[in-house]
Amino acid sequence: MAKNESMRVGVVVERRKIDHPWQEYAWRPVAVVPGAPSTDGWRLLHEEGERARYLAGGLSIELFPGETGGYRHNLSQKVPVVFVILRSGDDESGPPFKPFHTTVCPYEAEEYLDGGDDTVEAVPMPEAIAAWVGAYVAAYHRDVPFKKRKRKPHRARGDGSGGLGLEDTEGGSDD
């Protein structure tokens, strides 16, 4: 029987000073760190010049047997990625967003884009995560053959409407 698996990761976010009239910094996730510990807040990792990198808390990547097709597609790309879903931050003085969710399934990431409230960023997938996802796909992926849906036969209702539920109306002809 198939099972779900998860791995704890930390999200590394870079803050870069930009020349923009309304915004002082650009923020974006740049990496994920497998096995990172849980943290309550953001922790400065490195600062140099006008750039700084922070560990922005820990999240889990979860794998599900029904999504192995998406994982397999991601791993087949030239550079597999981890998708980091970002939500607006609550604190005016802090970063403009917070990491909300991580996934390795491109189809799941696409669903977060549909709502328009979240931002989805792709970061390169570390080798340790790629090996873990690859082993999971090897263990649980099952090809499901495509089955074309058969149409139901049309049944006329016998009332002259052609089965569309339309009724004859008076004055429908200019004869």
# chains A, B, ... in the order shown; residues from 1 in each chain; ligands from 1
$ residues_around --residues "Ser60 (chain A)" --least-positions-apart "6" --cutoff "8 Å" --atoms "only C-alpha atoms" --output "VMD selection string"
chain A and resid 6 to 9 101 to 102
$ residues_around --residues "region 139-145 of chain A" --least-positions-apart "5" --cutoff "9 Å" --atoms "only C-alpha atoms" --output "list of chain:residue names"
A:Met1, A:Ala2, A:Lys3, A:Phe64, A:Pro65, A:Gly66, A:Glu67, A:Thr68, A:Gly69, A:Arg72, A:Gly134
$ write_last_selection --atoms "N, CA and C atoms" --output "mmCIF file, in the first residue's frame"
data_model
loop_
_atom_site.group_PDB
_atom_site.id
_atom_site.type_symbol
_atom_site.label_atom_id
_atom_site.label_comp_id
_atom_site.auth_asym_id
_atom_site.auth_seq_id
_atom_site.Cartn_x
_atom_site.Cartn_y
_atom_site.Cartn_z
ATOM 1 N N MET A 1 0.844 -1.184 0.000
ATOM 2 C CA MET A 1 0.000 0.000 0.000
ATOM 3 C C MET A 1 0.888 1.246 0.000
ATOM 4 N N ALA A 2 0.525 2.227 -0.794
ATOM 5 C CA ALA A 2 1.307 3.450 -0.923
ATOM 6 C C ALA A 2 1.151 4.312 0.328
ATOM 7 N N LYS A 3 2.162 5.139 0.563
ATOM 8 C CA LYS A 3 2.099 6.025 1.729
ATOM 9 C C LYS A 3 2.639 7.401 1.383
ATOM 10 N N PHE A 64 2.877 12.521 -2.257
ATOM 11 C CA PHE A 64 1.662 11.723 -2.257
ATOM 12 C C PHE A 64 1.679 10.781 -3.455
ATOM 13 N N PRO A 65 1.225 9.550 -3.289
ATOM 14 C CA PRO A 65 1.269 8.581 -4.391
ATOM 15 C C PRO A 65 0.497 9.026 -5.636
ATOM 16 N N GLY A 66 -0.562 9.780 -5.484
ATOM 17 C CA GLY A 66 -1.358 10.212 -6.629
ATOM 18 C C GLY A 66 -0.720 11.317 -7.450
ATOM 19 N N GLU A 67 0.381 11.898 -6.975
ATOM 20 C CA GLU A 67 1.026 13.005 -7.681
ATOM 21 C C GLU A 67 2.371 12.628 -8.284
ATOM 22 N N THR A 68 2.672 11.343 -8.358
ATOM 23 C CA THR A 68 3.988 10.931 -8.845
ATOM 24 C C THR A 68 4.224 11.310 -10.303
ATOM 25 N N GLY A 69 3.167 11.450 -11.088
ATOM 26 C CA GLY A 69 3.334 11.901 -12.479
ATOM 27 C C GLY A 69 3.930 13.292 -12.539
ATOM 28 N N ARG A 72 7.611 13.105 -11.443
ATOM 29 C CA ARG A 72 8.409 12.527 -12.536
ATOM 30 C C ARG A 72 8.670 13.563 -13.620
ATOM 31 N N GLY A 134 13.115 10.917 -6.436
ATOM 32 C CA GLY A 134 13.316 9.849 -7.422
ATOM 33 C C GLY A 134 13.032 8.475 -6.847
#
$ select_by_dssp --residues "region 20-98 of chain A" --states "alpha helix (DSSP H)" --output "number ranges by chain"
A: 68-75
$ select_by_dssp --residues "region 96-157 of chain A" --states "strand (DSSP E)" --output "ChimeraX atom specification"
/A:97-103,119-124
$ residues_around --residues "Ile18 (chain A)" --least-positions-apart "6" --cutoff "12 Å" --atoms "only C-alpha atoms" --output "ChimeraX atom specification"
/A:24-27,50-51
$ closest_residue --among "A:Ala109, A:Ala52, A:Leu63, A:Val123" --to "Pro29 (chain A)" --atoms "only C-alpha atoms"
A:Val123
$ residues_around --residues "Val84 (chain A)" --least-positions-apart "5" --cutoff "12 Å" --atoms "only C-alpha atoms" --output "MDAnalysis selection string"
chainID A and resid 9:13 28:32 56 58:61 97:106 108:110 112:113 118:125
$ residues_around --residues "Glu127 (chain A)" --least-positions-apart "6" --cutoff "12 Å" --atoms "only C-alpha atoms" --output "PyMOL selection string"
chain A and resi 32-34+75+79-82+133-134
$ atom_distance --atom1 "CA of Leu45 (chain A)" --atom2 "CA of Trp22 (chain A)"
26.5 Å
$ closest_residue --among "A:Gly57, A:Arg149, A:Ser76, A:Asn4" --to "Gly35 (chain A)" --atoms "only C-alpha atoms"
A:Gly57
$ residues_around --residues "Pro96 (chain A)" --least-positions-apart "6" --cutoff "9 Å" --atoms "only C-alpha atoms" --output "number ranges by chain"
A: 27, 87-90
